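Everything below concerns the one structure shown next.
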Number of protein chains: 2
Amino acid sequence: MTDSTAPAAAAAAPKPYSPGLEGVVAAETALGYVDGEAGQLLYRGYRIGDLVEHGTYPSVANLLWTGDWDPRHHLPTSAVPESVLVALRALPRTAKPMDALRTAVSVWGATQELAWPPTPEQARALTAFSPSALAAFARLRVGREPVAPDPELDLVPGFLYQLNGERADDATARALDAYFIVGAEHGLNASTFAARVITSTRSDIASAVTGAIGALKGPLHGGAPSEVVEQIHEVTSPADAERWVRETLARGDRLMGFGHRVYRAYDPRAKALRKVAESMAHKPEWLELAIAVEDVALRVLAEKHPDRPLKTNVEFYAAPVLMGVGLTPDLFPATFALARHAGWTAHVIEQASANRIIRPDAIYTGPAERDLPA
Amino acid sequence: MTDSTAPAAAAAAPKPYSPGLEGVVAAETALGYVDGEAGQLLYRGYRIGDLVEHGTYPSVANLLWTGDWDPRHHLPTSAVPESVLVALRALPRTAKPMDALRTAVSVWGATQELAWPPTPEQARALTAFSPSALAAFARLRVGREPVAPDPELDLVPGFLYQLNGERADDATARALDAYFIVGAEHGLNASTFAARVITSTRSDIASAVTGAIGALKGPLHGGAPSEVVEQIHEVTSPADAERWVRETLARGDRLMGFGHRVYRAYDPRAKALRKVAESMAHKPEWLELAIAVEDVALRVLAEKHPDRPLKTNVEFYAAPVLMGVGLTPDLFPATFALARHAGWTAHVIEQASANRIIRPDAIYTGPAERDLPA
């Protein structure tokens, strides 16, 4: 019980308080760089568009963990330990996939020797495990048996294989791989910060990622690609897009998938995803609709708010990609969590490499010292 | 994928950076107040010593959740859902109790409807569940069957009953109840902060506590009452205490259980625990040793470092209390986690009541924009 609290409560002088720690620097990182004005996202200096064009998710994950660029880096999914399968089978079929994934990572951690400090090998093992576990739960909840990993397949096609029981075509796997790359890392968001806080106590990588999954589960963070899906469902055909966009805005409703807290320019992740999606030989109907809606929406939004730049964000293209590869909307947040494993675990390694326990102060706003009621 | 990162990376002007967020205010709280100089700890204004003397853990937990003081508030442990038992049975017997508890809370969360915002009812349900789950794992790992809760017993005697299969005597239960009270809350430490970060995304109370358990698992936070046990093991009798203390210090070794980052005065939690321990009718040998070692150690430390106040901390008396009630040292951190449930869940409720997503900035220290190697 080496406990450890805010001596701030005791200090007389008021300290500056920035709710949500907005504008407060909480870490140094060499992993992700986001320039919202320029619409730029770099991983260790490399542009996200280049990484999607020339890399795969395993090569990008390896870059984040080690700093080395090897576009042929291979990482298959790994087998799910029996104790994890038992736990997943025992969950209610109605359990949220994020709860199942959080549980799977927790059980996995209980079966491993995770010595301090966390290493790229630990990161690799956990990142290879989680897709298998999520695929297993996705099958179990509909009464199907899990599928064992295919060691020949790389992580993302391997995940699709374990999810569907058959190999995906190359274009489909490539589209989801691009989604995994653009979702891999994005600086110090709430889930990544949770992972760093947990790591800062010298806890293990499974504890950190369990906490990060819990944070990503929150709708203020894990987001709403499924809301994009619901909206685009209302559009009957590409030719119908203009009518639908104008009516939606006239009702005062928001167009989901546009605008971002950080990006003022076109979200570089959306750009990379659209490029991959457009190159698909057989575009799913979803994607045709999305492209039509985006083109109309950007034109209409610019007409209505010429002074306010409202650009497509990554969710807009995440939705058609995830639908296109056969994922149901309730699997979207957990699939995002799989993609973010690379970044979370890289931040865990980085935090450990120059560690200091993260223990901010609090302002005490409660009652002054008093006696218990008689 | 409502992602959300550090625009700091993009900002030109350097921001102040306080590693570990030391001295940075990250929350307002009306729950715990710590005055390290005066050796004072208040929960909602009430002195920790008074709460131990007049309250029970359920009454203190209820105070933290609701602000109301009812010394007769009753909270029995609750039954462990079948899916949790299945998961615990499937864990390796060598799994760390903290990993088992983290997993149990995660599975529990997957079986519940935990609507936003988190409520005292949710806090109560989770706090009543976890002792049953830890007791179940502690039995399963030695080949014994779990014991169902006894609804007549309050939370702490109920935990002991489920752990040992028989009711504890009043003095034993009272000693552990005091430990639970002093461990219930301590401001914005790393695990509590992790719980608030996770909650700030509007995630659920089980996700928050799962992350907090993961943070408490780290040795920089969860601490080392078991190291106190190991040291006191070296003392053969109260009469031997002086020799042992002097030899240990002469070798340059640290005396475990003395000194605290925040408290310069005698830790008020240690004081309350010693008082309860001393009132036990049949003091276990452990406790006699601990009292003898403390008395000698304080005298010798004051002799050696008259200018440096090195006082007993809570771990020093936590160790004999936990040993005295029959807990093995490898259960100490998870038992601390049970006690801290009241504080964690109270902070979760408080965070949700005036929520803002916790999303600090980072300083980017990696390579500038560059092309991929050819």
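Residue numbers start at 1 in each chain; chains themselves are named A, B, ... in the order of the structure tokens; ligands are numbered from 1 in the order shown.
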*Can you pull out every residue within 10 Å of region 41-45 of chain B, counting only C-alpha atoms, but drop anything in the same chain fewer than 6 positions away, and send it as a PyMOL selection string?*
(chain A and resi 364-372) or (chain B and resi 29-35+51+60-61+63-64+67-69+182+184-187+263+267-269+343)
*Give the alpha helix (DSSP H) residues of region 167-297 of chain B, as assigned by DSSP on the backbone, as number ranges by chain.*
B: 170-183, 190-199, 205-216, 225-233, 241-250, 268-278, 285-297
Keeping C-alpha atoms for every residue in the selection just given, could you write it to a file as a short mmCIF file (atom, residue, chain, number, x, y, z; two decimals), in the first residue's frame?
data_model
loop_
_atom_site.label_atom_id
_atom_site.label_comp_id
_atom_site.auth_asym_id
_atom_site.auth_seq_id
_atom_site.Cartn_x
_atom_site.Cartn_y
_atom_site.Cartn_z
CA ASP B 170 -15.04 -10.44 15.93
CA ALA B 171 -11.59 -9.05 16.71
CA THR B 172 -10.13 -10.49 13.52
CA ALA B 173 -12.97 -9.19 11.38
CA ARG B 174 -12.71 -5.81 13.08
CA ALA B 175 -8.99 -5.58 12.37
CA LEU B 176 -9.46 -6.30 8.68
CA ASP B 177 -12.45 -3.94 8.54
CA ALA B 178 -10.18 -1.19 9.88
CA TYR B 179 -7.65 -2.01 7.16
CA PHE B 180 -10.41 -1.74 4.53
CA ILE B 181 -11.48 1.64 5.92
CA VAL B 182 -7.98 3.16 5.89
CA GLY B 183 -7.39 1.74 2.41
CA ALA B 190 -2.23 6.54 -10.12
CA SER B 191 -4.95 3.86 -9.97
CA THR B 192 -7.68 6.34 -9.06
CA PHE B 193 -6.48 8.63 -11.83
CA ALA B 194 -6.57 5.73 -14.30
CA ALA B 195 -10.18 5.06 -13.26
CA ARG B 196 -11.05 8.72 -13.87
CA VAL B 197 -9.33 8.81 -17.27
CA ILE B 198 -11.28 5.72 -18.37
CA THR B 199 -14.54 7.13 -17.01
CA ILE B 205 -17.60 1.51 -14.00
CA ALA B 206 -16.30 -2.03 -14.60
CA SER B 207 -13.92 -0.79 -17.30
CA ALA B 208 -12.70 1.92 -14.93
CA VAL B 209 -12.08 -0.47 -12.03
CA THR B 210 -10.46 -3.04 -14.31
CA GLY B 211 -7.97 -0.36 -15.33
CA ALA B 212 -7.48 0.76 -11.73
CA ILE B 213 -6.66 -2.79 -10.63
CA GLY B 214 -4.14 -2.97 -13.45
CA ALA B 215 -2.52 0.25 -12.24
CA LEU B 216 -2.47 -0.84 -8.60
CA PRO B 225 3.37 -4.94 2.62
CA SER B 226 4.71 -8.39 1.80
CA GLU B 227 8.24 -6.96 2.08
CA VAL B 228 7.40 -5.82 5.58
CA VAL B 229 6.35 -9.39 6.34
CA GLU B 230 9.60 -10.75 4.98
CA GLN B 231 11.60 -8.36 7.13
CA ILE B 232 9.68 -8.97 10.32
CA HIS B 233 10.12 -12.70 9.67
CA ALA B 241 14.00 -6.30 17.78
CA GLU B 242 16.74 -3.89 18.80
CA ARG B 243 19.56 -6.12 17.54
CA TRP B 244 17.72 -6.70 14.26
CA VAL B 245 16.95 -3.02 13.61
CA ARG B 246 20.52 -1.91 14.31
CA GLU B 247 22.07 -4.67 12.18
CA THR B 248 19.71 -3.99 9.29
CA LEU B 249 20.52 -0.27 9.26
CA ALA B 250 24.25 -0.95 9.74
CA PRO B 268 -2.84 8.61 10.33
CA ARG B 269 -3.76 5.28 8.76
CA ALA B 270 -0.94 3.49 10.59
CA LYS B 271 -2.06 5.15 13.81
CA ALA B 272 -5.64 3.95 13.38
CA LEU B 273 -4.54 0.45 12.48
CA ARG B 274 -2.14 0.20 15.43
CA LYS B 275 -4.93 1.25 17.75
CA VAL B 276 -7.24 -1.46 16.45
CA ALA B 277 -4.47 -4.02 16.50
CA GLU B 278 -3.55 -3.20 20.09
CA GLU B 285 2.70 -13.14 17.66
CA TRP B 286 3.13 -11.14 14.45
CA LEU B 287 1.58 -8.12 15.99
CA GLU B 288 3.67 -8.29 19.18
CA LEU B 289 6.75 -8.38 16.97
CA ALA B 290 5.56 -5.49 14.84
CA ILE B 291 4.88 -3.28 17.85
CA ALA B 292 8.32 -4.08 19.27
CA VAL B 293 10.05 -3.43 15.94
CA GLU B 294 8.21 -0.15 15.45
CA ASP B 295 9.09 1.18 18.89
CA VAL B 296 12.77 0.36 18.43
CA ALA B 297 12.88 1.50 14.82
#
_Between CA of Thr56 (chain B) and CA of Pro71 (chain B), distance in Å (one decimal)_ =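 So the answer is 6.7 Å.
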_Applying 10 Å and only C-alpha atoms, which residues near region 88-97 of chain B remain after dropping the ones on its own chain fewer than 3 positions away? List them as an NGL selection string._
(:A and (82-87 or 107-113)) or (:B and (82-85 or 100-104 or 107 or 133-143 or 145 or 217 or 330-335))
_Residue with smallest distance to chain A - pool B:Phe316, B:Trp344, B:Tyr46, B:Tyr57, counting only C-alpha atoms_ =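 Result for the nearest residue to chain A: B:Tyr46.
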*Name the closest residue to chain B among the candidates A:Gly55, A:Gly252, A:Gly20, A:Pro306; distances are taken between atoms, counting only C-alpha atoms.*
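That would be A:Gly20, the residue with the smallest distance to chain B.
In this comparison, which uses only C-alpha atoms, the residue of A:Pro219, A:Gly165, A:Pro76, A:Pro329 approaching chain B most closely is A:Pro219.
Excluding Gly259 (chain A) and any residue on its chain fewer than 3 positions from it, the residues at most 12 Å away by only C-alpha atoms are A:Gly36, A:Arg254, A:Leu255, A:Met256, A:Val262, A:Tyr263, A:Arg264, A:Ala265, A:Tyr266, A:Asp267, A:Ala270, A:Ala297, A:Leu298, A:Leu301, A:Arg308, A:Pro309, A:Leu310, A:Lys311, A:Thr312, A:Asn313, A:Val314, A:Glu315, A:Phe316, B:Thr2, B:Asp3, B:Ser4.
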_Report, in Å with one decimal, the straight-line distance from CA of Gly23 (chain A) to CA of Ala362 (chain B)._
9.0 Å
*With a distance cut-off of 9 Å and only C-alpha atoms, select the neighbouring residues of Phe159 (chain A), excluding the residue or stretch itself and same-chain residues fewer than 2 positions from it, and output the selection as an MDAnalysis selection string.*
chainID A and resid 76:77 131:132 134:135 149 153:157 161:164
Store the residues of this selection in a file with all heavy atoms, as a tab-separated table (two decimals), in the first residue's frame.
chain	number	residue	atom	x	y	z
A	76	PRO	N	1.81	-13.28	-37.97
A	76	PRO	CA	0.53	-13.97	-38.03
A	76	PRO	C	-0.22	-13.82	-36.71
A	76	PRO	O	0.36	-13.45	-35.69
A	76	PRO	CB	0.92	-15.44	-38.25
A	76	PRO	CG	2.30	-15.57	-37.69
A	76	PRO	CD	2.94	-14.19	-37.69
A	77	THR	N	-1.51	-14.08	-36.73
A	77	THR	CA	-2.26	-14.13	-35.47
A	77	THR	C	-1.80	-15.36	-34.70
A	77	THR	O	-1.24	-16.30	-35.27
A	77	THR	CB	-3.77	-14.22	-35.74
A	77	THR	OG1	-4.02	-15.37	-36.55
A	77	THR	CG2	-4.29	-12.97	-36.43
A	131	PRO	N	-6.57	-10.33	-32.10
A	131	PRO	CA	-7.49	-10.60	-33.22
A	131	PRO	C	-8.08	-12.01	-33.17
A	131	PRO	O	-9.26	-12.21	-33.46
A	131	PRO	CB	-6.60	-10.42	-34.46
A	131	PRO	CG	-5.48	-9.53	-34.01
A	131	PRO	CD	-5.23	-9.92	-32.57
A	132	SER	N	-7.26	-12.98	-32.78
A	132	SER	CA	-7.77	-14.35	-32.66
A	132	SER	C	-8.87	-14.42	-31.61
A	132	SER	O	-9.88	-15.12	-31.78
A	132	SER	CB	-6.65	-15.31	-32.22
A	132	SER	OG	-5.67	-15.41	-33.20
A	134	LEU	N	-10.85	-11.95	-30.48
A	134	LEU	CA	-12.08	-11.28	-30.89
A	134	LEU	C	-12.83	-12.12	-31.93
A	134	LEU	O	-14.06	-12.25	-31.87
A	134	LEU	CB	-11.78	-9.88	-31.43
A	134	LEU	CG	-13.02	-9.11	-31.88
A	134	LEU	CD1	-13.99	-8.85	-30.73
A	134	LEU	CD2	-12.63	-7.78	-32.55
A	135	ALA	N	-12.07	-12.69	-32.87
A	135	ALA	CA	-12.71	-13.55	-33.88
A	135	ALA	C	-13.40	-14.73	-33.21
A	135	ALA	O	-14.51	-15.11	-33.59
A	135	ALA	CB	-11.67	-14.02	-34.90
A	149	PRO	N	-5.62	-20.21	-35.97
A	149	PRO	CA	-4.88	-19.29	-36.86
A	149	PRO	C	-4.24	-20.04	-38.03
A	149	PRO	O	-3.92	-21.22	-37.91
A	149	PRO	CB	-3.77	-18.73	-35.95
A	149	PRO	CG	-4.16	-19.05	-34.57
A	149	PRO	CD	-5.04	-20.25	-34.62
A	153	LEU	N	-0.77	-16.65	-42.97
A	153	LEU	CA	-1.41	-15.36	-43.22
A	153	LEU	C	-0.86	-14.30	-42.29
A	153	LEU	O	-0.55	-14.57	-41.12
A	153	LEU	CB	-2.93	-15.48	-43.01
A	153	LEU	CG	-3.67	-16.38	-44.00
A	153	LEU	CD1	-5.14	-16.50	-43.59
A	153	LEU	CD2	-3.56	-15.82	-45.42
A	154	ASP	N	-0.77	-13.09	-42.80
A	154	ASP	CA	-0.37	-11.97	-41.96
A	154	ASP	C	-1.54	-11.58	-41.06
A	154	ASP	O	-2.65	-12.09	-41.21
A	154	ASP	CB	0.04	-10.80	-42.87
A	154	ASP	CG	1.42	-10.26	-42.48
A	154	ASP	OD1	1.87	-10.51	-41.35
A	154	ASP	OD2	2.04	-9.60	-43.33
A	155	LEU	N	-1.30	-10.65	-40.12
A	155	LEU	CA	-2.26	-10.42	-39.05
A	155	LEU	C	-3.68	-10.10	-39.52
A	155	LEU	O	-4.66	-10.70	-39.06
A	155	LEU	CB	-1.74	-9.33	-38.10
A	155	LEU	CG	-2.55	-9.20	-36.81
A	155	LEU	CD1	-1.63	-9.15	-35.60
A	155	LEU	CD2	-3.44	-7.98	-36.86
A	156	VAL	N	-3.81	-9.17	-40.47
A	156	VAL	CA	-5.17	-8.74	-40.84
A	156	VAL	C	-5.90	-9.79	-41.67
A	156	VAL	O	-7.04	-10.14	-41.34
A	156	VAL	CB	-5.13	-7.34	-41.50
A	156	VAL	CG1	-6.50	-6.97	-42.04
A	156	VAL	CG2	-4.66	-6.31	-40.47
A	157	PRO	N	-5.29	-10.35	-42.73
A	157	PRO	CA	-5.99	-11.46	-43.39
A	157	PRO	C	-6.20	-12.64	-42.45
A	157	PRO	O	-7.21	-13.36	-42.57
A	157	PRO	CB	-5.06	-11.82	-44.57
A	157	PRO	CG	-3.81	-11.06	-44.38
A	157	PRO	CD	-4.09	-9.92	-43.47
A	161	TYR	N	-9.75	-14.43	-41.71
A	161	TYR	CA	-9.88	-15.88	-41.87
A	161	TYR	C	-10.50	-16.50	-40.60
A	161	TYR	O	-11.42	-17.32	-40.67
A	161	TYR	CB	-8.52	-16.48	-42.17
A	161	TYR	CG	-8.47	-17.98	-42.08
A	161	TYR	CD1	-9.15	-18.77	-43.01
A	161	TYR	CD2	-7.76	-18.61	-41.06
A	161	TYR	CE1	-9.12	-20.16	-42.92
A	161	TYR	CE2	-7.72	-19.99	-40.96
A	161	TYR	CZ	-8.41	-20.76	-41.89
A	161	TYR	OH	-8.39	-22.13	-41.78
A	162	GLN	N	-10.02	-16.07	-39.45
A	162	GLN	CA	-10.54	-16.64	-38.20
A	162	GLN	C	-11.97	-16.18	-37.91
A	162	GLN	O	-12.73	-16.84	-37.21
A	162	GLN	CB	-9.62	-16.30	-37.03
A	162	GLN	CG	-8.32	-17.08	-37.10
A	162	GLN	CD	-7.41	-16.74	-35.95
A	162	GLN	OE1	-6.59	-15.83	-36.05
A	162	GLN	NE2	-7.57	-17.44	-34.86
A	163	LEU	N	-12.29	-15.01	-38.46
A	163	LEU	CA	-13.64	-14.48	-38.27
A	163	LEU	C	-14.64	-15.23	-39.16
A	163	LEU	O	-15.72	-15.62	-38.72
A	163	LEU	CB	-13.61	-13.00	-38.65
A	163	LEU	CG	-14.71	-12.08	-38.18
A	163	LEU	CD1	-14.76	-11.99	-36.67
A	163	LEU	CD2	-14.48	-10.67	-38.77
A	164	ASN	N	-14.26	-15.43	-40.42
A	164	ASN	CA	-15.22	-15.93	-41.41
A	164	ASN	C	-15.04	-17.40	-41.74
A	164	ASN	O	-15.88	-17.98	-42.43
A	164	ASN	CB	-15.08	-15.10	-42.70
A	164	ASN	CG	-15.36	-13.64	-42.46
A	164	ASN	OD1	-16.26	-13.30	-41.68
A	164	ASN	ND2	-14.59	-12.76	-43.07
*Tell me which of B:Leu188, B:Val235, B:Ala342, B:Met98 sits closest to chain A, counting only C-alpha atoms.*
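Under the stated criterion, the closest residue is B:Leu188.
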_I'd like to know which of A:Gly218, A:Pro320, A:Pro58, A:Pro81 is closest to chain B, using only C-alpha atoms._
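Of A:Gly218, A:Pro320, A:Pro58, A:Pro81, the one nearest chain B is A:Gly218, counting only C-alpha atoms.
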